>>> print(open('upload-v6.cif').read())   # mmCIF, C-alpha atoms and all ligand atoms
data_my_file
#
loop_
_atom_site.group_PDB
_atom_site.id
_atom_site.type_symbol
_atom_site.label_atom_id
_atom_site.label_comp_id
_atom_site.auth_asym_id
_atom_site.auth_seq_id
_atom_site.Cartn_x
_atom_site.Cartn_y
_atom_site.Cartn_z
ATOM 1 C CA SER F 624 124.564 133.821 87.629
ATOM 2 C CA ARG F 625 122.439 132.382 90.459
ATOM 3 C CA LYS F 626 124.764 130.682 92.911
ATOM 4 C CA ILE F 627 123.810 128.725 96.022
ATOM 5 C CA ILE F 628 125.814 126.368 98.217
ATOM 6 C CA VAL F 629 124.192 122.955 98.649
ATOM 7 C CA ALA F 630 125.118 120.070 100.942
ATOM 8 C CA GLY F 631 124.625 116.331 100.921
ATOM 9 C CA ALA F 632 124.543 114.861 104.436
ATOM 10 C CA GLN F 633 125.379 111.176 104.009
ATOM 11 C CA LEU F 634 124.352 109.074 107.006
ATOM 12 C CA GLY F 635 126.297 106.063 108.143
ATOM 13 C CA SER F 636 124.339 103.034 109.282
ATOM 14 C CA ILE F 637 121.467 103.251 111.765
ATOM 15 C CA ALA F 638 121.076 100.265 114.071
ATOM 16 C CA ARG F 639 117.683 98.607 114.531
ATOM 17 C CA ASP F 640 117.571 99.770 118.153
ATOM 18 C CA GLU F 641 118.873 103.279 117.493
ATOM 19 C CA PRO F 642 116.181 105.758 118.555
ATOM 20 C CA ARG F 643 115.019 108.455 116.150
ATOM 21 C CA ARG F 644 116.303 111.170 118.463
ATOM 22 C CA SER F 645 119.826 109.782 118.013
ATOM 23 C CA ALA F 646 119.543 109.820 114.205
ATOM 24 C CA VAL F 647 118.153 113.360 114.405
ATOM 25 C CA ALA F 648 121.083 114.441 116.621
ATOM 26 C CA ARG F 649 123.500 113.091 113.996
ATOM 27 C CA MET F 650 121.609 114.989 111.282
ATOM 28 C CA CYS F 651 121.647 118.206 113.339
ATOM 29 C CA ALA F 652 125.445 117.934 113.706
ATOM 30 C CA MET F 653 125.751 117.606 109.928
ATOM 31 C CA MET F 654 123.357 120.494 109.341
ATOM 32 C CA ARG F 655 125.595 122.687 111.527
ATOM 33 C CA ALA F 656 128.688 121.572 109.601
ATOM 34 C CA ALA F 657 126.965 122.297 106.285
ATOM 35 C CA HIS F 658 125.901 125.737 107.528
ATOM 36 C CA ARG F 659 129.488 126.533 108.565
ATOM 37 C CA ARG F 660 130.450 125.889 104.932
ATOM 38 C CA GLY F 661 127.764 128.320 103.764
ATOM 39 C CA ALA F 662 125.168 125.777 102.624
ATOM 40 C CA THR F 663 121.547 126.925 102.433
ATOM 41 C CA LEU F 664 120.149 123.466 101.568
ATOM 42 C CA VAL F 665 121.012 120.139 103.218
ATOM 43 C CA VAL F 666 119.930 116.845 101.628
ATOM 44 C CA PHE F 667 119.415 113.819 103.908
ATOM 45 C CA PRO F 668 118.854 110.232 102.670
ATOM 46 C CA GLU F 669 115.809 108.055 102.042
ATOM 47 C CA LEU F 670 114.144 106.674 105.232
ATOM 48 C CA ALA F 671 116.665 108.684 107.232
ATOM 49 C CA LEU F 672 115.172 108.314 110.696
ATOM 50 C CA THR F 673 115.522 104.548 111.175
ATOM 51 C CA THR F 674 117.302 101.475 109.972
ATOM 52 C CA PHE F 675 116.213 100.273 106.484
ATOM 53 C CA PHE F 676 113.342 98.128 107.805
ATOM 54 C CA PRO F 677 112.163 96.620 104.436
ATOM 55 C CA ARG F 678 115.024 94.142 104.854
ATOM 56 C CA TRP F 679 112.819 92.186 107.302
ATOM 57 C CA LEU F 680 109.320 90.708 107.131
ATOM 58 C CA LEU F 681 107.490 92.632 109.846
ATOM 59 C CA LYS F 682 103.830 92.722 110.820
ATOM 60 C CA GLY F 683 101.448 94.721 113.009
ATOM 61 C CA ASP F 684 102.903 97.084 115.557
ATOM 62 C CA ALA F 685 106.476 95.978 114.821
ATOM 63 C CA LEU F 686 106.028 97.332 111.279
ATOM 64 C CA GLU F 687 103.915 100.383 112.112
ATOM 65 C CA ALA F 688 106.572 101.514 114.587
ATOM 66 C CA TYR F 689 108.767 102.525 111.642
ATOM 67 C CA PHE F 690 106.164 104.935 110.206
ATOM 68 C CA GLU F 691 105.690 108.633 111.021
ATOM 69 C CA THR F 692 102.172 109.961 111.516
ATOM 70 C CA ASP F 693 103.177 113.554 112.306
ATOM 71 C CA MET F 694 105.892 115.600 110.682
ATOM 72 C CA PRO F 695 107.447 117.130 112.645
ATOM 73 C CA ASP F 696 106.841 115.309 115.916
ATOM 74 C CA ALA F 697 108.771 115.472 119.185
ATOM 75 C CA ASP F 698 111.684 113.456 117.756
ATOM 76 C CA THR F 699 112.086 115.426 114.520
ATOM 77 C CA ALA F 700 111.227 118.888 115.894
ATOM 78 C CA PRO F 701 114.910 119.669 116.727
ATOM 79 C CA LEU F 702 115.826 119.374 113.033
ATOM 80 C CA PHE F 703 113.072 121.797 112.013
ATOM 81 C CA ALA F 704 114.019 124.208 114.825
ATOM 82 C CA LEU F 705 117.698 124.129 113.862
ATOM 83 C CA ALA F 706 116.838 124.737 110.193
ATOM 84 C CA ARG F 707 114.867 127.817 111.264
ATOM 85 C CA ASP F 708 117.647 129.057 113.573
ATOM 86 C CA LEU F 709 120.305 128.665 110.882
ATOM 87 C CA GLY F 710 118.110 129.742 107.965
ATOM 88 C CA VAL F 711 118.833 126.481 106.164
ATOM 89 C CA GLY F 712 116.415 124.367 104.105
ATOM 90 C CA PHE F 713 116.523 120.569 104.064
ATOM 91 C CA HIS F 714 115.261 117.442 102.301
ATOM 92 C CA LEU F 715 114.335 114.451 104.477
ATOM 93 C CA GLY F 716 113.157 110.952 103.594
ATOM 94 C CA TYR F 717 110.877 109.032 105.978
ATOM 95 C CA ALA F 718 108.161 106.366 106.088
ATOM 96 C CA GLU F 719 104.759 108.097 106.097
ATOM 97 C CA ARG F 720 101.455 106.767 107.439
ATOM 98 C CA THR F 721 98.568 109.066 106.465
ATOM 99 C CA PRO F 722 95.556 109.750 108.712
ATOM 100 C CA GLU F 723 93.631 107.294 106.457
ATOM 101 C CA GLY F 724 96.204 104.577 107.201
ATOM 102 C CA ARG F 725 97.979 104.653 103.827
ATOM 103 C CA HIS F 726 101.719 104.007 103.707
ATOM 104 C CA PHE F 727 104.253 105.766 101.503
ATOM 105 C CA ASN F 728 108.018 106.086 101.150
ATOM 106 C CA THR F 729 108.088 109.865 101.342
ATOM 107 C CA ALA F 730 110.447 112.832 101.162
ATOM 108 C CA ILE F 731 109.793 116.433 102.146
ATOM 109 C CA LEU F 732 111.428 119.704 101.336
ATOM 110 C CA VAL F 733 111.569 122.065 104.307
ATOM 111 C CA GLY F 734 112.246 125.763 103.751
ATOM 112 C CA PRO F 735 114.626 127.937 105.796
ATOM 113 C CA ASP F 736 111.572 129.078 107.766
ATOM 114 C CA GLY F 737 111.179 125.507 109.062
ATOM 115 C CA GLN F 738 107.915 125.016 107.118
ATOM 116 C CA ILE F 739 107.253 122.095 104.752
ATOM 117 C CA ALA F 740 107.450 123.509 101.215
ATOM 118 C CA GLY F 741 106.989 120.308 99.218
ATOM 119 C CA LYS F 742 106.319 116.588 99.424
ATOM 120 C CA TYR F 743 107.092 113.635 97.136
ATOM 121 C CA ARG F 744 106.042 109.971 97.462
ATOM 122 C CA LYS F 745 108.279 107.348 95.857
ATOM 123 C CA ILE F 746 106.921 106.018 92.565
ATOM 124 C CA HIS F 747 109.375 103.274 91.503
ATOM 125 C CA LEU F 748 109.189 100.816 94.403
ATOM 126 C CA PRO F 749 111.759 98.030 94.054
ATOM 127 C CA GLY F 750 111.843 94.590 95.624
ATOM 128 C CA HIS F 751 109.044 92.080 96.238
ATOM 129 C CA PHE F 752 105.776 91.448 98.143
ATOM 130 C CA GLU F 753 106.399 88.135 99.913
ATOM 131 C CA GLN F 754 109.191 86.809 102.124
ATOM 132 C CA GLU F 755 111.701 85.001 99.903
ATOM 133 C CA ASP F 756 113.752 82.677 102.076
ATOM 134 C CA TRP F 757 116.592 82.257 99.575
ATOM 135 C CA ARG F 758 117.584 85.896 100.001
ATOM 136 C CA PRO F 759 120.203 86.813 102.627
ATOM 137 C CA PHE F 760 118.014 89.850 103.381
ATOM 138 C CA GLN F 761 114.593 90.952 102.168
ATOM 139 C CA HIS F 762 113.616 94.032 100.141
ATOM 140 C CA LEU F 763 109.896 94.357 100.917
ATOM 141 C CA GLU F 764 109.190 97.861 99.666
ATOM 142 C CA LYS F 765 106.443 96.566 97.360
ATOM 143 C CA ARG F 766 104.711 95.070 100.399
ATOM 144 C CA TYR F 767 105.086 98.023 102.762
ATOM 145 C CA PHE F 768 104.458 101.052 100.536
ATOM 146 C CA GLU F 769 101.853 102.188 98.018
ATOM 147 C CA THR F 770 103.037 103.685 94.737
ATOM 148 C CA GLY F 771 103.398 107.424 95.203
ATOM 149 C CA ASP F 772 100.318 109.436 94.242
ATOM 150 C CA LEU F 773 101.790 112.918 93.893
ATOM 151 C CA GLY F 774 103.484 112.594 90.499
ATOM 152 C CA PHE F 775 106.843 114.339 90.091
ATOM 153 C CA PRO F 776 106.130 117.840 91.406
ATOM 154 C CA VAL F 777 108.574 120.740 91.082
ATOM 155 C CA PHE F 778 108.654 123.483 93.736
ATOM 156 C CA ASP F 779 109.953 127.049 93.900
ATOM 157 C CA ALA F 780 112.157 127.072 96.978
ATOM 158 C CA LEU F 781 115.508 128.526 98.022
ATOM 159 C CA GLY F 782 115.627 130.582 94.839
ATOM 160 C CA ALA F 783 115.527 127.449 92.661
ATOM 161 C CA ARG F 784 113.056 125.180 90.843
ATOM 162 C CA LEU F 785 113.443 122.054 92.952
ATOM 163 C CA GLY F 786 112.366 118.482 92.209
ATOM 164 C CA MET F 787 112.607 115.324 94.305
ATOM 165 C CA CYS F 788 112.843 111.612 93.713
ATOM 166 C CA ILE F 789 113.808 108.672 95.934
ATOM 167 C CA CYS F 790 116.425 105.934 95.509
ATOM 168 C CA ASN F 791 115.246 103.460 92.831
ATOM 169 C CA ASP F 792 113.553 106.367 90.993
ATOM 170 C CA ARG F 793 117.032 107.614 90.066
ATOM 171 C CA ARG F 794 117.651 104.590 87.838
ATOM 172 C CA TRP F 795 114.653 105.467 85.611
ATOM 173 C CA PRO F 796 115.155 107.984 82.792
ATOM 174 C CA GLU F 797 111.417 108.725 82.975
ATOM 175 C CA THR F 798 111.878 110.188 86.469
ATOM 176 C CA TRP F 799 114.496 112.655 85.301
ATOM 177 C CA ARG F 800 112.587 113.529 82.129
ATOM 178 C CA MET F 801 109.408 114.268 84.089
ATOM 179 C CA LEU F 802 111.359 116.514 86.448
ATOM 180 C CA GLY F 803 113.232 118.124 83.549
ATOM 181 C CA LEU F 804 109.999 118.765 81.660
ATOM 182 C CA GLY F 805 108.580 120.224 84.878
ATOM 183 C CA GLY F 806 111.390 122.757 84.807
ATOM 184 C CA ALA F 807 113.488 121.448 87.698
ATOM 185 C CA GLU F 808 116.920 123.066 87.984
ATOM 186 C CA LEU F 809 117.976 120.984 90.972
ATOM 187 C CA VAL F 810 116.889 117.435 91.880
ATOM 188 C CA VAL F 811 117.465 116.187 95.415
ATOM 189 C CA LEU F 812 117.239 112.541 96.434
ATOM 190 C CA GLY F 813 118.282 109.992 98.993
ATOM 191 C CA TYR F 814 118.958 106.268 98.733
ATOM 192 C CA ASN F 815 119.566 102.993 100.611
ATOM 193 C CA THR F 816 121.334 100.733 98.123
ATOM 194 C CA PRO F 817 122.718 97.353 99.241
ATOM 195 C CA LEU F 818 126.099 96.445 97.769
ATOM 196 C CA HIS F 819 124.769 92.927 97.223
ATOM 197 C CA TYR F 820 121.872 92.516 94.773
ATOM 198 C CA PRO F 821 120.635 88.951 95.384
ATOM 199 C CA PRO F 822 118.767 88.438 92.049
ATOM 200 C CA ALA F 823 121.896 89.330 89.995
ATOM 201 C CA PRO F 824 124.995 89.133 92.209
ATOM 202 C CA GLU F 825 127.201 89.373 89.119
ATOM 203 C CA HIS F 826 126.359 93.098 89.231
ATOM 204 C CA ASP F 827 127.515 93.656 92.810
ATOM 205 C CA HIS F 828 130.821 95.147 91.695
ATOM 206 C CA LEU F 829 128.880 97.654 89.550
ATOM 207 C CA GLN F 830 126.749 99.169 92.340
ATOM 208 C CA TYR F 831 128.797 102.365 92.714
ATOM 209 C CA PHE F 832 129.119 102.670 88.941
ATOM 210 C CA HIS F 833 125.388 102.277 88.299
ATOM 211 C CA ASN F 834 124.628 104.756 91.068
ATOM 212 C CA ALA F 835 126.836 107.461 89.537
ATOM 213 C CA LEU F 836 125.850 106.554 85.968
ATOM 214 C CA SER F 837 122.136 107.014 86.708
ATOM 215 C CA VAL F 838 122.541 110.412 88.353
ATOM 216 C CA GLN F 839 125.090 111.748 85.871
ATOM 217 C CA ALA F 840 122.988 110.648 82.880
ATOM 218 C CA GLY F 841 119.807 112.153 84.403
ATOM 219 C CA CYS F 842 121.542 115.483 85.005
ATOM 220 C CA TYR F 843 123.089 115.678 81.542
ATOM 221 C CA ALA F 844 120.042 114.589 79.530
ATOM 222 C CA ASN F 845 117.883 117.171 81.304
ATOM 223 C CA GLY F 846 120.349 119.972 81.997
ATOM 224 C CA LEU F 847 119.923 120.085 85.757
ATOM 225 C CA TRP F 848 121.886 119.786 88.996
ATOM 226 C CA ALA F 849 121.461 116.911 91.481
ATOM 227 C CA VAL F 850 122.372 116.216 95.091
ATOM 228 C CA SER F 851 122.145 112.444 95.640
ATOM 229 C CA VAL F 852 122.730 111.153 99.162
ATOM 230 C CA ALA F 853 123.246 107.709 100.660
ATOM 231 C CA LYS F 854 122.483 106.002 103.881
ATOM 232 C CA ALA F 855 125.655 103.942 103.850
ATOM 233 C CA GLY F 856 127.746 101.443 105.748
ATOM 234 C CA LEU F 857 127.239 98.099 107.409
ATOM 235 C CA GLU F 858 123.668 98.190 108.726
ATOM 236 C CA GLU F 859 122.402 95.126 110.603
ATOM 237 C CA GLY F 860 124.626 92.823 108.545
ATOM 238 C CA CYS F 861 123.734 94.449 105.204
ATOM 239 C CA GLU F 862 126.351 96.570 103.440
ATOM 240 C CA LEU F 863 124.924 99.774 101.921
ATOM 241 C CA ILE F 864 126.900 101.735 99.354
ATOM 242 C CA GLY F 865 128.062 105.318 99.982
ATOM 243 C CA GLY F 866 129.063 107.371 96.962
ATOM 244 C CA SER F 867 126.907 110.435 97.668
ATOM 245 C CA LEU F 868 127.272 112.920 94.802
ATOM 246 C CA ILE F 869 126.691 116.459 93.662
ATOM 247 C CA VAL F 870 126.427 116.487 89.858
ATOM 248 C CA ALA F 871 126.383 119.393 87.378
ATOM 249 C CA PRO F 872 124.091 119.780 84.339
ATOM 250 C CA THR F 873 127.035 118.672 82.199
ATOM 251 C CA GLY F 874 127.000 115.323 84.032
ATOM 252 C CA GLU F 875 130.265 116.122 85.826
ATOM 253 C CA ILE F 876 130.685 115.153 89.476
ATOM 254 C CA VAL F 877 131.558 118.265 91.513
ATOM 255 C CA ALA F 878 131.564 116.669 94.990
ATOM 256 C CA GLN F 879 131.662 113.057 96.164
ATOM 257 C CA ALA F 880 131.655 111.331 99.565
ATOM 258 C CA GLN F 881 134.799 109.391 100.375
ATOM 259 C CA GLY F 882 133.592 106.960 103.042
ATOM 260 C CA VAL F 883 130.501 105.126 104.289
ATOM 261 C CA GLY F 884 129.925 107.035 107.541
ATOM 262 C CA ASP F 885 128.295 110.351 108.442
ATOM 263 C CA GLU F 886 129.869 112.770 105.949
ATOM 264 C CA VAL F 887 128.956 116.192 104.591
ATOM 265 C CA ILE F 888 129.723 117.104 100.991
ATOM 266 C CA THR F 889 129.185 120.623 99.660
ATOM 267 C CA ALA F 890 129.446 122.532 96.407
ATOM 268 C CA GLN F 891 128.616 125.965 95.148
ATOM 269 C CA ILE F 892 126.227 125.499 92.254
ATOM 270 C CA ASP F 893 125.179 128.069 89.654
ATOM 271 C CA LEU F 894 121.565 127.400 88.680
ATOM 272 C CA ASP F 895 122.016 129.433 85.507
ATOM 273 C CA ARG F 896 124.371 126.733 84.210
ATOM 274 C CA CYS F 897 121.282 124.600 83.376
ATOM 275 C CA ALA F 898 121.028 126.755 80.226
ATOM 276 C CA GLU F 899 124.389 125.426 78.974
ATOM 277 C CA ILE F 900 122.552 122.186 78.214
ATOM 278 C CA ARG F 901 118.920 123.260 77.928
ATOM 279 C CA ALA F 902 119.514 126.077 75.488
ATOM 280 C CA ASN F 903 121.713 123.872 73.333
ATOM 281 C CA ILE F 904 121.988 120.090 72.877
ATOM 282 C CA PHE F 905 118.835 119.356 74.920
ATOM 283 C CA ASP F 906 116.747 122.367 73.989
ATOM 284 C CA PHE F 907 113.474 120.483 74.449
ATOM 285 C CA ALA F 908 111.340 122.950 72.461
ATOM 286 C CA GLN F 909 113.616 122.762 69.460
ATOM 287 C CA HIS F 910 114.787 119.148 69.429
ATOM 288 C CA ARG F 911 112.362 116.813 71.255
ATOM 289 C CA GLU F 912 110.143 114.640 69.042
ATOM 290 C CA PRO F 913 107.394 113.576 71.463
ATOM 291 C CA GLN F 914 105.063 112.427 68.678
ATOM 292 C CA THR F 915 107.453 109.465 68.238
ATOM 293 C CA TYR F 916 107.664 108.525 71.937
ATOM 294 C CA GLY F 917 104.230 106.900 72.375
ATOM 295 C CA LEU F 918 105.587 103.538 73.616
ATOM 296 C CA ILE F 919 107.089 105.268 76.646
ATOM 297 C CA THR F 920 103.674 106.018 78.097
ATOM 298 C CA ALA F 921 101.863 102.918 76.825
ATOM 299 C CA PRO F 922 101.110 100.585 79.782
HETATM 300 N N1 LIG F 1001 115.797 101.747 98.441
HETATM 301 C C1 LIG F 1001 115.929 101.373 97.151
HETATM 302 O O1 LIG F 1001 115.123 101.745 96.301
HETATM 303 N N2 LIG F 1001 116.952 100.539 96.844
HETATM 304 C C2 LIG F 1001 117.168 99.958 95.555
HETATM 305 C C3 LIG F 1001 117.907 98.691 95.735
HETATM 306 C C4 LIG F 1001 117.944 97.858 94.546
HETATM 307 S S1 LIG F 1001 116.481 97.009 94.186
HETATM 308 C C5 LIG F 1001 116.315 95.819 95.387
HETATM 309 C C6 LIG F 1001 117.933 100.850 94.588
HETATM 310 O O2 LIG F 1001 117.477 101.021 93.461
HETATM 311 O O3 LIG F 1001 119.014 101.331 94.920
#
>>> encode(input="upload-v6.cif", output="structure tokens")
Amino acid sequence: SRKIIVAGAQLGSIARDEPRRSAVARMCAMMRAAHRRGATLVVFPELALTTFFPRWLLKGDALEAYFETDMPDADTAPLFALARDLGVGFHLGYAERTPEGRHFNTAILVGPDGQIAGKYRKIHLPGHFEQEDWRPFQHLEKRYFETGDLGFPVFDALGARLGMCICNDRRWPETWRMLGLGGAELVVLGYNTPLHYPPAPEHDHLQYFHNALSVQAGCYANGLWAVSVAKAGLEEGCELIGGSLIVAPTGEIVAQAQGVGDEVITAQIDLDRCAEIRANIFDFAQHREPQTYGLITAP
């Protein structure tokens, strides 16, 4: 067996005027708590350094202020330094502005040496391009971010084959299949999911269900582990779901957050358990029929 202890560090809400150094201090406290429980990997949410800014129409400097140009910088350096001191790796979501001025919804994987070991840029961007006044809050990810250009990479880190995705990506079977085909044993992801979905409010009561369903189905159908972590709670008048999860390759939930505040969940996971599924019901080499799946990749 190949056992590691992993942690999900759910963040409660971040106010619009909360400085990054405050969010980082909260994350450092959770990294210490995770380390005390023996965790060697801590997963933080999507866009973890600030409030979820796509809920407003912003322009110019007011928008650019939410993007990171350097990772780490003075505000995030304490997280990298603590990871190195404790010998803990972490996954962090943030808004990235490249030197060429491109904008992505990005996540990085940082090794226990404090060095960036992998990067992913969100592919399935939800929401809309223009301000829509009928909505109680906006979801302008399509306006603010380009579609990720790094594919679905899988990295060797912390003794595992690790893949990443971000929030809305988790609802798409194609995400999980790409990561499964890439050999991922553990997928880590963060999310900001409003409880209220303005285009179909009749689904509001299903938000927690659809969150768990997506992650459990992705794990089972690809025989891999996942750590899926929320930014949760009442944030600037918008309620975000909690429900952070650690899920086994069987699709079973092995750890789950109870509240919507800062909360650490941990589980010992055996990476060799991926074979329970991959060597059997979903043995891709033996049972996949890709010659019949053409429509999936047709535009
Ligand atoms: N951040 C993010 O991708 N949130 C979406 C909200 C629903 S679409 C407006 C999600 O899939 O959870």
>>> residues_around(input="upload-v6.cif", residues="Leu785 (chain F)", least_positions_apart="5", cutoff="6 Å", atoms="all atoms listed in the file", output="JSON list (two decimals) with C-alpha atoms, in the frame of the given file")
[["chain", "number", "residue", "atom", "x", "y", "z"],
["F", 777, "VAL", "CA", 108.57, 120.74, 91.08],
["F", 778, "PHE", "CA", 108.65, 123.48, 93.74],
["F", 807, "ALA", "CA", 113.49, 121.45, 87.70],
["F", 809, "LEU", "CA", 117.98, 120.98, 90.97],
["F", 810, "VAL", "CA", 116.89, 117.44, 91.88]]
>>> closest_residue(input="upload-v6.cif", among="F:Phe768, F:Trp799, F:Phe667, F:Phe690", to="Gly716 (chain F)", atoms="all atoms listed in the file")
F:Phe667
>>> atom_distance(input="upload-v6.cif", atom1="CA of Glu912 (chain F)", atom2="CA of Gly874 (chain F)")
22.6 Å
>>> resolve_selection(input="upload-v6.cif", expression="the PyMOL selection byres (((not hetatm)) within 7 of (chain F and resi 1001))", output="PyMOL selection string")
chain F and resi 748-750+762+790-791+794+814-817+820
>>> residues_around(input="upload-v6.cif", residues="Glu753 (chain F)", least_positions_apart="3", cutoff="9 Å", atoms="all atoms listed in the file", output="PyMOL selection string")
chain F and resi 680+761+763+765-766
>>> resolve_selection(input="upload-v6.cif", expression="the PyMOL selection byres (((chain F and resi 871) around 8) and not hetatm)", output="list in words")
Gln839, Cys842, Tyr843, Leu847, Trp848, Ala849, Ile869, Val870, Pro872, Thr873, Gly874, Glu875, Ile876, Val877 and Ile892 of chain F
>>> residues_around(input="upload-v6.cif", residues="Leu672 (chain F)", least_positions_apart="4", cutoff="12 Å", atoms="all atoms listed in the file", output="PyMOL selection string")
chain F and resi 634-650+667-668+676+688-691+694-695+698-699+702+715-719+729-730+854
>>> resolve_selection(input="upload-v6.cif", expression="the PyMOL selection byres (((chain F and resi 714) around 8) and not hetatm)", output="PyMOL selection string")
chain F and resi 664-667+712-713+715-716+730-733+811-812
